[in-house]
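Asks: Pasting upload_19.txt here (compact mmCIF, C-alpha atoms):
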# COMPACT_ATOMS: atom_id res chain seq x y z
CA MET D 1 -5.17 52.06 60.32
CA ASN D 2 -1.54 53.14 60.42
CA ASN D 3 0.80 50.21 61.03
CA ALA D 4 4.00 52.07 60.20
CA HIS D 5 5.37 51.57 63.74
CA ASN D 6 4.14 47.99 64.20
CA PRO D 7 7.03 45.69 63.17
CA ILE D 8 4.76 42.63 62.87
CA ALA D 9 2.21 44.47 60.72
CA VAL D 10 4.99 45.75 58.44
CA ARG D 11 6.15 42.18 57.81
CA VAL D 12 2.61 40.93 57.18
CA GLU D 13 2.21 43.72 54.66
CA ASN D 14 5.39 42.49 52.96
CA ILE D 15 3.71 39.11 52.45
CA GLN D 16 0.56 40.79 51.13
CA LYS D 17 2.67 42.61 48.53
CA ILE D 18 4.39 39.35 47.52
CA TRP D 19 0.97 37.68 47.06
CA ASN D 20 -0.49 40.50 44.99
CA THR D 21 2.64 40.75 42.82
CA THR D 22 2.55 37.00 42.21
CA ARG D 23 -1.15 37.05 41.28
CA ALA D 24 -0.63 39.93 38.86
CA ALA D 25 2.32 38.18 37.20
CA LYS D 26 0.62 34.74 37.02
CA PRO D 27 -3.13 35.38 36.64
CA LYS D 28 -3.84 31.80 35.45
CA ALA D 29 -2.31 30.16 38.52
CA GLN D 30 -4.72 28.29 40.81
CA ILE D 31 -2.44 26.12 42.94
CA PHE D 32 -0.01 27.89 45.23
CA SER D 33 2.59 26.69 47.73
CA MET D 34 3.68 29.49 50.05
CA VAL D 35 6.98 28.42 51.58
CA CYS D 36 8.38 30.25 54.60
CA HIS D 37 11.01 29.80 57.29
CA THR D 38 9.49 27.97 60.26
CA GLU D 39 9.88 30.94 62.61
CA ASP D 40 8.04 33.15 60.11
CA TYR D 41 4.89 31.02 60.10
CA PRO D 42 3.04 33.40 62.51
CA LEU D 43 3.47 36.12 59.88
CA VAL D 44 2.04 33.93 57.11
CA ASP D 45 -0.81 33.01 59.44
CA GLY D 46 -1.35 36.72 60.05
CA PHE D 47 -1.46 37.32 56.29
CA ILE D 48 -4.11 34.60 55.83
CA ARG D 49 -6.21 35.93 58.72
CA LEU D 50 -5.97 39.49 57.39
CA GLU D 51 -6.98 38.46 53.88
CA SER D 52 -9.88 36.47 55.32
CA SER D 53 -11.17 39.67 56.95
CA ALA D 54 -12.54 42.97 55.69
CA TYR D 55 -9.01 44.43 55.82
CA GLY D 56 -7.53 42.22 53.10
CA LYS D 57 -5.78 43.85 50.16
CA SER D 58 -6.20 41.04 47.63
CA ASP D 59 -9.16 40.73 45.28
CA ASP D 60 -9.21 37.02 46.11
CA SER D 61 -11.37 35.55 48.87
CA PHE D 62 -9.54 33.53 51.52
CA VAL D 63 -10.72 30.73 53.81
CA ALA D 64 -8.22 28.85 55.97
CA PHE D 65 -8.02 25.44 57.65
CA ALA D 66 -5.36 23.58 59.64
CA ILE D 67 -5.63 19.78 59.52
CA ASP D 68 -3.60 16.57 59.77
CA PHE D 69 -3.34 13.87 57.10
CA TYR D 70 -3.86 10.22 58.02
CA ASP D 71 -5.41 8.74 54.86
CA LYS D 72 -7.51 9.79 51.87
CA LYS D 73 -10.93 9.18 53.31
CA ASP D 74 -10.16 10.93 56.58
CA PHE D 75 -8.62 13.83 54.64
CA TYR D 76 -11.66 14.43 52.43
CA THR D 77 -14.06 13.89 55.33
CA THR D 78 -12.22 16.37 57.55
CA LEU D 79 -12.15 19.00 54.81
CA ILE D 80 -15.93 18.76 54.50
CA GLU D 81 -16.59 18.67 58.25
CA GLN D 82 -14.37 21.64 59.01
CA TRP D 83 -15.96 23.73 56.27
CA ILE D 84 -19.51 23.10 57.45
CA LEU D 85 -18.76 23.54 61.15
CA THR D 86 -16.73 26.72 60.52
CA PHE D 87 -19.50 28.27 58.44
CA GLU D 88 -22.04 27.34 61.10
CA GLU D 89 -20.01 29.27 63.69
CA ASP D 90 -19.63 32.24 61.35
CA LEU D 91 -23.36 32.20 60.70
CA LYS D 92 -24.01 32.93 64.39
CA LYS D 93 -22.09 36.21 63.99
CA ASN D 94 -23.64 36.97 60.59
CA PRO D 95 -27.27 35.77 60.71
CA SER D 96 -28.13 37.66 57.51
CA TRP D 97 -25.94 35.36 55.41
CA ASN D 98 -28.03 33.23 53.04
CA TRP D 99 -26.07 30.33 51.59
CA GLU D 100 -29.06 28.53 50.11
CA ASP D 101 -27.46 25.09 49.97
CA PHE D 102 -25.94 25.18 53.46
CA ASP D 103 -28.78 23.32 55.19
CA THR D 104 -28.55 20.57 52.57
CA PHE D 105 -24.81 20.10 53.13
CA LYS D 106 -25.20 20.31 56.90
CA GLY D 107 -28.02 17.76 56.82
CA ALA D 108 -25.79 15.29 55.00
CA LEU D 109 -23.01 15.58 57.60
CA PRO D 110 -24.20 12.77 59.95
CA GLU D 111 -23.99 10.29 57.06
CA ILE D 112 -20.72 11.57 55.61
CA GLU D 113 -18.64 8.66 56.95
CA LYS D 114 -20.68 6.24 54.83
CA LEU D 115 -19.68 7.87 51.54
CA SER D 116 -17.02 6.35 49.31
CA ILE D 117 -13.81 8.24 48.57
CA GLU D 118 -15.09 9.18 45.10
CA ASN D 119 -18.37 10.46 46.53
CA LEU D 120 -16.54 12.45 49.19
CA LYS D 121 -14.45 14.21 46.55
CA ASP D 122 -17.56 15.04 44.53
CA PHE D 123 -19.35 16.26 47.66
CA TYR D 124 -16.43 18.55 48.58
CA ILE D 125 -16.13 20.10 45.12
CA LYS D 126 -19.90 20.56 44.88
CA MET D 127 -19.76 22.36 48.25
CA LEU D 128 -16.94 24.66 47.09
CA VAL D 129 -18.80 25.53 43.89
CA SER D 130 -21.97 26.26 45.84
CA PHE D 131 -20.09 28.45 48.31
CA LYS D 132 -18.44 30.39 45.50
CA LYS D 133 -21.89 31.06 44.03
CA PHE D 134 -23.11 32.23 47.47
CA GLU D 135 -20.13 34.56 47.76
CA ALA D 136 -21.35 36.27 44.56
CA LYS D 137 -17.95 37.58 43.49
CA THR D 138 -16.58 37.31 39.97
CA ASP D 139 -13.15 37.81 38.42
CA ASN D 140 -11.37 36.51 41.52
CA LEU D 141 -10.35 33.22 43.12
CA LEU D 142 -11.82 31.59 46.18
CA ILE D 143 -8.55 30.59 47.86
CA VAL D 144 -8.77 27.57 50.15
CA SER D 145 -5.69 27.86 52.36
CA LEU D 146 -4.48 24.65 54.00
CA LEU D 147 -1.83 24.12 56.65
CA ILE D 148 -1.39 20.34 56.77
CA LYS D 149 0.67 19.77 59.91
CA LYS D 150 1.15 16.04 60.48
CA VAL D 151 1.51 13.87 57.38
CA SER D 152 1.41 10.07 57.74
CA ASP D 153 2.26 9.40 54.08
CA SER D 154 3.66 12.19 51.87
CA ASP D 155 3.04 10.40 48.57
CA LEU D 156 -0.54 9.57 49.52
CA LEU D 157 -1.19 13.17 50.52
CA ASN D 158 0.09 14.44 47.17
CA GLU D 159 -2.04 11.88 45.37
CA SER D 160 -5.11 12.98 47.34
CA ILE D 161 -4.51 16.65 46.52
CA LYS D 162 -3.98 15.93 42.81
CA GLU D 163 -7.31 14.12 42.69
CA LEU D 164 -9.02 17.26 44.01
CA ILE D 165 -7.11 19.63 41.74
CA VAL D 166 -8.38 18.00 38.54
CA LEU D 167 -11.95 18.63 39.74
CA LEU D 168 -11.47 22.32 40.59
CA PRO D 169 -13.36 24.91 38.55
CA ASP D 170 -11.40 27.89 37.23
CA ASN D 171 -12.54 30.29 39.97
CA ILE D 172 -11.32 28.22 42.96
CA GLY D 173 -7.71 27.70 44.05
CA PHE D 174 -5.66 25.99 46.74
CA LEU D 175 -2.93 27.66 48.80
CA PHE D 176 -0.72 25.20 50.69
CA ILE D 177 1.37 26.65 53.52
CA ASP D 178 4.71 24.93 53.91
CA TYR D 179 8.17 25.32 55.44
CA GLN D 180 11.56 25.67 53.76
CA GLU D 181 12.70 22.54 55.59
CA ARG D 182 9.89 20.41 54.16
CA LYS D 183 8.70 21.57 50.69
CA GLN D 184 6.01 18.89 50.61
CA TYR D 185 4.19 20.25 47.55
CA LYS D 186 6.99 20.72 44.98
CA GLU D 187 5.89 17.69 42.95
CA ILE D 188 2.30 18.96 42.86
CA ILE D 189 3.29 22.46 41.71
CA ASP D 190 5.53 20.99 39.01
CA SER D 191 2.78 18.65 37.80
CA VAL D 192 0.16 21.36 37.20
CA LYS D 193 2.61 23.50 35.14
CA GLU D 194 1.31 27.05 34.49
CA LYS D 195 -1.51 26.56 36.99
CA GLY D 196 0.93 26.13 39.88
CA ILE D 197 3.46 28.41 41.48
CA PHE D 198 5.84 28.50 44.42
CA ILE D 199 5.79 31.63 46.55
CA GLU D 200 8.96 31.76 48.61
CA ILE D 201 8.79 34.19 51.53
CA PRO D 202 12.24 35.65 52.26
CA ASN D 203 13.46 35.48 55.84
CA GLN D 204 11.50 38.21 57.63
CA ASP D 205 13.88 38.39 60.62
CA ILE D 206 10.99 37.97 63.02
CA SER D 207 13.35 37.94 66.03
CA LYS D 208 14.18 41.57 65.23
CA ALA D 209 10.46 42.35 65.17
CA TYR D 210 10.02 40.78 68.59
CA LYS D 211 12.92 42.81 69.92
CA GLU D 212 11.40 46.01 68.56
CA ILE D 213 8.08 45.18 70.21
CA ALA D 214 9.77 44.25 73.48
CA THR D 215 11.46 47.62 73.77
CA GLN D 216 8.47 49.76 72.78
CA GLY D 217 6.68 51.76 75.48
CA ASN D 218 7.63 53.30 78.81
CA PRO D 219 10.93 51.67 79.91
CA ASN D 220 9.79 51.92 83.56
CA ASP D 221 6.58 49.98 82.93
CA PRO D 222 6.96 46.47 84.48
CA GLN D 223 5.38 44.88 81.39
CA VAL D 224 7.88 46.61 79.09
CA ARG D 225 10.79 45.73 81.39
CA TYR D 226 9.57 42.10 81.50
CA ARG D 227 9.32 41.81 77.70
CA LYS D 228 12.76 43.37 77.25
CA CYS D 229 14.28 41.05 79.86
CA LEU D 230 12.57 38.01 78.31
CA PHE D 231 14.00 38.80 74.91
CA GLU D 232 17.48 39.39 76.33
CA ILE D 233 17.49 36.13 78.29
CA GLY D 234 16.55 34.29 75.09
CA GLU D 235 19.46 35.88 73.25
CA ALA D 236 21.85 35.06 76.12
CA ALA D 237 20.72 31.42 76.15
CA LYS D 238 21.13 31.19 72.38
CA ASP D 239 24.70 32.46 72.75
CA LYS D 240 25.26 30.04 75.68
CA LYS D 241 26.16 32.87 78.06
CA GLN D 242 25.37 30.98 81.25
CA GLU D 243 26.07 33.68 83.84
CA LYS D 244 24.13 36.28 81.87
CA VAL D 245 21.15 33.90 81.69
CA LYS D 246 21.25 33.58 85.49
CA LYS D 247 21.53 37.32 86.02
CA LEU D 248 18.60 38.03 83.68
CA GLY D 249 16.60 35.13 85.12
CA ASN D 250 16.75 36.65 88.59
CA GLU D 251 15.80 40.02 87.13
CA LEU D 252 12.84 38.39 85.37
CA ILE D 253 11.61 36.96 88.70
CA ASP D 254 11.97 40.32 90.48
CA ILE D 255 10.04 42.17 87.77
CA SER D 256 7.19 39.64 87.65
CA LYS D 257 6.92 39.47 91.45
CA SER D 258 6.46 43.25 91.59
CA THR D 259 3.25 42.98 89.53
CA GLY D 260 1.48 40.96 92.24
CA GLU D 261 0.05 38.51 89.65
CA THR D 262 0.54 34.87 90.67
CA SER D 263 0.56 33.39 87.17
CA PHE D 264 2.97 36.07 85.96
CA TRP D 265 5.31 35.48 88.89
CA ALA D 266 5.19 31.68 88.66
CA SER D 267 5.73 31.71 84.89
CA SER D 268 9.02 33.56 85.38
CA TYR D 269 10.35 30.58 87.38
CA LEU D 270 9.24 28.26 84.58
CA ILE D 271 10.84 30.41 81.86
CA TYR D 272 14.10 30.88 83.77
CA ALA D 273 14.37 27.13 84.44
CA SER D 274 13.63 26.25 80.83
CA PHE D 275 16.50 28.42 79.60
CA LEU D 276 18.85 26.60 81.99
CA PHE D 277 18.03 23.16 80.56
CA GLN D 278 20.95 23.36 78.11
CA PHE D 279 23.46 23.85 80.97
CA LYS D 280 24.17 20.42 82.46
CA ASP D 281 25.77 21.78 85.65
CA GLU D 282 22.63 23.72 86.67
CA LYS D 283 20.44 20.74 87.58
CA GLU D 284 20.05 21.78 91.24
CA LEU D 285 19.08 25.36 90.35
CA ILE D 286 16.62 24.12 87.72
CA HIS D 287 14.71 22.06 90.28
CA GLN D 288 14.87 24.83 92.89
CA LEU D 289 13.22 27.20 90.40
CA LEU D 290 10.57 24.69 89.35
CA ASP D 291 9.82 23.83 93.00
CA LYS D 292 9.34 27.53 93.85
CA GLY D 293 6.94 27.91 90.94
CA ILE D 294 5.00 24.84 92.11
CA LYS D 295 4.88 26.20 95.67
CA ILE D 296 3.45 29.53 94.45
CA THR D 297 0.76 28.00 92.22
CA THR D 298 -0.41 25.03 94.31
CA PRO D 299 -2.56 26.99 96.83
CA VAL D 300 -4.60 28.81 94.15
CA TYR D 301 -4.69 26.67 91.00
CA LYS D 302 -8.25 25.47 91.64
CA GLU D 303 -9.58 29.02 91.58
CA LYS D 304 -7.55 30.41 88.66
CA GLN D 305 -7.39 28.68 85.28
CA ASP D 306 -4.26 30.53 84.15
CA VAL D 307 -2.44 29.51 87.34
CA ALA D 308 -3.50 25.88 86.80
CA GLY D 309 -1.98 26.01 83.31
CA ILE D 310 1.36 27.22 84.70
CA LEU D 311 1.34 24.54 87.41
CA LEU D 312 0.80 21.81 84.80
CA GLN D 313 3.77 23.08 82.80
CA LEU D 314 5.97 23.24 85.91
CA LEU D 315 5.17 19.60 86.76
CA ALA D 316 5.80 18.52 83.16
CA TYR D 317 9.17 20.27 83.15
CA LYS D 318 10.09 18.56 86.44
CA GLY D 319 9.31 15.20 84.85
CA SER D 320 11.21 16.11 81.70
CA HIS D 321 14.33 17.15 83.57
CA TYR D 322 14.34 14.04 85.74
CA SER D 323 14.20 12.07 82.49
CA ILE D 324 17.19 13.99 81.15
CA LEU D 325 19.02 13.09 84.38
CA ASN D 326 18.10 9.43 83.74
CA GLN D 327 15.87 9.19 86.81
CA PRO D 328 12.78 7.61 85.20
CA ASN D 329 10.97 6.81 88.44
CA LEU D 330 10.98 10.46 89.54
CA ALA D 331 10.10 11.54 86.01
CA ILE D 332 7.07 9.23 85.96
CA GLU D 333 6.04 10.49 89.42
CA TYR D 334 5.85 14.09 88.21
CA PHE D 335 4.12 13.26 84.94
CA LEU D 336 1.45 11.43 86.98
CA LYS D 337 1.15 14.49 89.25
CA GLN D 338 0.51 16.46 86.06
CA VAL D 339 -2.23 13.95 85.18
CA ALA D 340 -3.88 14.26 88.60
CA ILE D 341 -3.99 18.07 88.53
CA ALA D 342 -5.19 18.11 84.91
CA LYS D 343 -8.07 15.80 85.84
CA GLU D 344 -9.05 18.13 88.68
CA VAL D 345 -9.19 21.17 86.42
CA GLN D 346 -10.72 19.20 83.53
CA GLN D 347 -7.96 19.77 80.97
CA GLU D 348 -8.31 16.56 78.95
CA MET D 349 -5.41 17.25 76.60
CA GLN D 350 -3.00 17.72 79.50
CA VAL D 351 -4.25 14.50 81.10
CA ILE D 352 -3.50 12.52 77.94
CA ASN D 353 -0.15 14.28 77.45
CA GLY D 354 0.90 13.39 80.99
CA TYR D 355 -0.11 9.77 80.50
CA ASN D 356 1.81 9.62 77.21
CA TYR D 357 5.02 10.92 78.80
CA ALA D 358 4.71 8.55 81.77
CA LEU D 359 3.98 5.56 79.53
CA LEU D 360 6.91 6.19 77.23
CA LEU D 361 9.22 6.05 80.25
CA ALA D 362 7.48 3.16 82.01
CA ALA D 363 7.56 1.10 78.79
CA LYS D 364 11.29 0.49 79.35
CA LYS D 365 10.45 -1.94 82.14
CA ARG D 366 6.97 -3.14 81.15
CA ASP D 367 6.31 -4.03 84.79
CA GLY D 368 3.18 -3.75 86.92
CA GLN D 369 3.47 0.03 87.07
CA TYR D 370 3.41 0.24 83.27
CA THR D 371 0.27 -1.88 83.06
CA GLU D 372 -1.47 0.14 85.77
CA ILE D 373 -0.68 3.47 84.08
CA LEU D 374 -1.69 2.09 80.68
CA ASN D 375 -5.03 0.75 81.95
CA ASP D 376 -5.83 4.03 83.72
CA ALA D 377 -4.84 6.04 80.64
CA PHE D 378 -6.93 3.93 78.29
CA GLU D 379 -9.98 3.94 80.56
CA TYR D 380 -9.83 7.73 80.87
CA GLY D 381 -9.19 8.46 77.21
CA TYR D 382 -11.59 5.94 75.72
CA ALA D 383 -14.46 7.53 77.66
CA LEU D 384 -13.91 10.87 75.87
CA THR D 385 -15.93 11.85 72.81
CA ASP D 386 -14.70 11.21 69.27
CA ASP D 387 -14.37 14.97 68.67
CA THR D 388 -12.15 15.36 71.73
CA LEU D 389 -9.99 12.35 70.86
CA LYS D 390 -9.41 13.66 67.36
CA ILE D 391 -7.46 16.66 68.66
CA ILE D 392 -5.34 14.86 71.25
CA ASN D 393 -2.64 12.19 71.01
CA PHE D 394 -4.70 9.16 72.02
CA THR D 395 -3.48 6.70 69.36
CA PHE D 396 -0.27 6.02 71.30
CA ILE D 397 -2.29 4.91 74.33
CA ALA D 398 -4.83 2.91 72.32
CA ASN D 399 -2.18 1.06 70.33
CA SER D 400 -0.11 0.36 73.45
CA TYR D 401 -3.22 -0.96 75.19
CA LEU D 402 -4.04 -3.41 72.39
CA GLU D 403 -0.42 -4.54 72.07
CA ASN D 404 -0.27 -5.17 75.84
CA ASP D 405 -2.87 -7.90 75.29
CA PRO D 406 -5.62 -6.69 77.65
CA LYS D 407 -7.86 -9.32 79.18
CA ILE D 408 -10.80 -8.56 76.89
CA ASP D 409 -12.34 -10.71 74.18
CA TYR D 410 -11.76 -10.46 70.46
CA SER D 411 -14.95 -8.50 69.76
CA GLU D 412 -13.96 -5.77 72.23
CA LYS D 413 -10.51 -5.47 70.62
CA GLU D 414 -12.16 -5.20 67.22
CA ALA D 415 -14.53 -2.50 68.50
CA ILE D 416 -11.58 -0.47 69.80
CA SER D 417 -9.72 -0.78 66.49
CA GLU D 418 -12.82 0.15 64.49
CA ARG D 419 -13.37 3.26 66.61
CA MET D 420 -9.75 4.32 66.08
CA VAL D 421 -10.15 3.85 62.31
CA THR D 422 -13.31 5.97 62.38
CA ILE D 423 -11.54 8.79 64.23
CA PHE D 424 -7.99 8.66 62.84
CA GLY D 425 -8.27 6.74 59.55
CA GLU D 426 -7.09 3.36 58.27
CA ASN D 427 -3.43 4.09 59.02
CA TRP D 428 -4.02 5.05 62.65
CA LYS D 429 -1.44 2.52 63.88
CA ASP D 430 1.30 4.38 62.04
CA ASN D 431 0.55 7.47 64.10
CA PRO D 432 1.65 6.12 67.53
CA LYS D 433 5.24 5.81 66.31
CA GLN D 434 5.24 9.44 65.19
CA ILE D 435 3.67 10.51 68.48
CA ALA D 436 6.28 8.58 70.49
CA LYS D 437 9.05 10.28 68.51
CA GLN D 438 7.41 13.67 68.98
CA ILE D 439 7.09 13.15 72.74
CA GLN D 440 10.72 12.01 72.92
CA GLU D 441 11.89 15.19 71.19
CA GLU D 442 9.48 17.62 72.83
CA TYR D 443 10.31 16.67 76.41
CA GLN D 444 13.81 15.30 75.78
CA LEU D 445 12.84 12.01 77.39
CA SER D 446 15.76 9.73 78.11
CA ASN D 447 16.27 6.62 75.98
CA ALA D 448 18.05 4.93 78.84
Is it possible to express this structure as C-alpha cells?

Replies:
Amino acid sequence: MNNAHNPIAVRVENIQKIWNTTRAAKPKAQIFSMVCHTEDYPLVDGFIRLESSAYGKSDDSFVAFAIDFYDKKDFYTTLIEQWILTFEEDLKKNPSWNWEDFDTFKGALPEIEKLSIENLKDFYIKMLVSFKKFEAKTDNLLIVSLLIKKVSDSDLLNESIKELIVLLPDNIGFLFIDYQERKQYKEIIDSVKEKGIFIEIPNQDISKAYKEIATQGNPNDPQVRYRKCLFEIGEAAKDKKQEKVKKLGNELIDISKSTGETSFWASSYLIYASFLFQFKDEKELIHQLLDKGIKITTPVYKEKQDVAGILLQLLAYKGSHYSILNQPNLAIEYFLKQVAIAKEVQQEMQVINGYNYALLLAAKKRDGQYTEILNDAFEYGYALTDDTLKIINFTFIANSYLENDPKIDYSEKEAISERMVTIFGENWKDNPKQIAKQIQEEYQLSNA
C-alpha cells in the first residue's frame, strides 16, 4: 500500500518510526507515556489502530482501550470487562482462535463485582498472562494501550496504575496516551526508572494535513469544493474575518444544496451558524440559519437517521445560543424539543444530554419547571440499563434528583445510591460537578 500522497498516513508513519526508534533505544522499557498535542490525538489513535492490525510495523502486539477513572475498584473491573467483551466480539470474526482460558474468564464475569480490589488486580494480571500465552509470540511486548479520558482523582489513578505495574511480567507493557496540556503520568514514568519512558510526539501540523486532503481531487466535484470551503471558513473564523466567514458560509450552503442530499444541505446551515457564534452582532443571522436547517430536516427526520442527528444538533445549538443571549426560558424550550425528538428516534444519549442542558439552566430558579424536568429526566434515565447508563452523563441527573429531596422513602434513596455506586464507583457524586462544568463549557451556557 503506497501512502506517499496521503498526508494523514504520512503522519501516522512518523509516529510508527518514533515508536520503533524508542523501543530499539530502550529495549528494557515496559511503561510508556505517549504525549501528543490535543489536535494530534487522531493520529496517535491511527497509530494504535494500525499497530493492532496486520499492517503494524512494530514487533510488539497492541491492544487498545478507552475508559474513564472513577475509583480503583471500578477501574480494575472495567479493564477486565472491556477485555473479555472485546475479545468476544473479535472471536465472532475469527472463530478459529483458541484462547483456552477464555471461557473460564468469561464465566467469572457475572460475579466480578463481588471480588475485592486485591482479587481484581490478580484476576486482571492472570488474564493478561494467559492472553500472552495464547498469542504465542516471544521476544516482544504485549502492549496494553490505555486512553483514560475522565479522571476523578489523579493521585488515586496513579496509585492504581502503580499497583498493577509491580505485578506485570517482563513480556507485558502499558502505553498511556496523554496530552501535552495534562501529562498525567509523569510521576509514574519517573518512579519506574529505566522501565519507563516518555514519548513526546512533535506537533504534526494536522491542520495542514486536513487542508491537503480538502484540496485533493477534481476541483469541480461538489464534495471537493465543499471540503475546501469548509476548511477555508474554519481558517477565516480563526482569524476573526467576519465578512469572509459570511461569504464562505453562503457558498457552503449553495454547494451542499446542489448535491440534493437533505442531511448534507441542513448540516451546512448548522456549520455556518456555529462559526458565527463568536461574532456577537450576528445573533439574528445565527437563528435564521438554524431555523432554516430545522425547517429542512423536520419533515423527514423520522425516515432518515442521519437527518435526525442533524436536527438534534440544530435544536441544541438554538438552546445554546439563547443561553448565550441570557434568555434561559427559550434555551430550556429548545433543549426540551431536543429531548422530545431524541425520544422519538430512540437516541438515549441525546435525550439525557438535552435533559442535562435544560436542568443546568432551570436550576437557577429551582421552581416547578425545574422539578418537573428533573422528575421526567430521572424517570427516563433510571429505566435504562446499567450498560447504557455507564456511557452517558446520568450522574448529574441522579445526584440532582436525590438532592431535590424526592418524595420517596429512605430505602428507595439508598437503592438509587447503591445502583449509582455499582455503575460509576464509590466517588460517583464527584462526577456530577465535573459534568456540570463540562456542559457549561461545551454549550457555553449562561451563568446568569

Asks: Report as a VMD selection string all protein, DNA and RNA residues lying within 6 Å of stretch 412-426 of chain D, evaluated on all atoms listed in the file, omitting residues in the same chain fewer than 2 positions from it.

Replies: chain D and resid 70 to 71 74 409 to 410 428

Asks: So how far away is atom CA of D:Asn140 from atom CA of D:Asp59, in Å?

Replies: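 A separation of 6.1 Å between them.
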
Asks: Could you tell me how far atom CA of D:Lys149 sits from atom CA of D:Ala66, in Å to one decimal place?

Replies: 7.1 Å

Asks: Dump as a list in words all residues having an atom at most 9 Å from (-9.8, 15.5, 78.0), computed in the file's coordinates with all atoms listed in the file.

Replies: Ala342, Lys343, Gln346, Gln347, Glu348, Met349, Gln350, Val351, Ile352, Tyr380, Gly381, Leu384, Thr385, Thr388, Leu389 and Ile392 of chain D

Asks: Suppose you want the space between atom CA of D:Ile188 and atom CA of D:Met34; what is it in Å?

Replies: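 Between atom CA of D:Ile188 and atom CA of D:Met34 the gap works out to 12.8 Å.
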
Asks: Take the point (-14.2, 31.4, 51.1) in the file's coordinates, draw a sphere of radius 10 Å around it, and report as an mmCIF file with C-alpha atoms, in the frame of the given file every protein, DNA or RNA residue with an atom inside or on it, counting only C-alpha atoms.

Replies:
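Now in selection_10.cif:
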data_model
loop_
_atom_site.group_PDB
_atom_site.id
_atom_site.type_symbol
_atom_site.label_atom_id
_atom_site.label_comp_id
_atom_site.auth_asym_id
_atom_site.auth_seq_id
_atom_site.Cartn_x
_atom_site.Cartn_y
_atom_site.Cartn_z
ATOM 1 C CA SER D 52 -9.880 36.470 55.320
ATOM 2 C CA ASP D 60 -9.210 37.020 46.110
ATOM 3 C CA SER D 61 -11.370 35.550 48.870
ATOM 4 C CA PHE D 62 -9.540 33.530 51.520
ATOM 5 C CA VAL D 63 -10.720 30.730 53.810
ATOM 6 C CA ALA D 64 -8.220 28.850 55.970
ATOM 7 C CA TRP D 83 -15.960 23.730 56.270
ATOM 8 C CA PHE D 87 -19.500 28.270 58.440
ATOM 9 C CA LEU D 128 -16.940 24.660 47.090
ATOM 10 C CA PHE D 131 -20.090 28.450 48.310
ATOM 11 C CA LYS D 132 -18.440 30.390 45.500
ATOM 12 C CA PHE D 134 -23.110 32.230 47.470
ATOM 13 C CA GLU D 135 -20.130 34.560 47.760
ATOM 14 C CA LEU D 141 -10.350 33.220 43.120
ATOM 15 C CA LEU D 142 -11.820 31.590 46.180
ATOM 16 C CA ILE D 143 -8.550 30.590 47.860
ATOM 17 C CA VAL D 144 -8.770 27.570 50.150
ATOM 18 C CA SER D 145 -5.690 27.860 52.360
ATOM 19 C CA ILE D 172 -11.320 28.220 42.960
#

Asks: Name all residues at most 12 Å from D:Gln180 (count only C-alpha atoms; drop same-chain ones fewer than 5 positions away) and give them as an MDAnalysis selection string.

Replies: chainID D and resid 33:41 185:186 198:203

Asks: Quick one: residues within 12 Å of stretch 308-313 of chain D, only C-alpha atoms counted, chain neighbours fewer than 2 positions away excluded, as number ranges by chain?

Replies: D: 262-271, 273-274, 290-306, 315-320, 334-347, 349-351, 353-354, 443
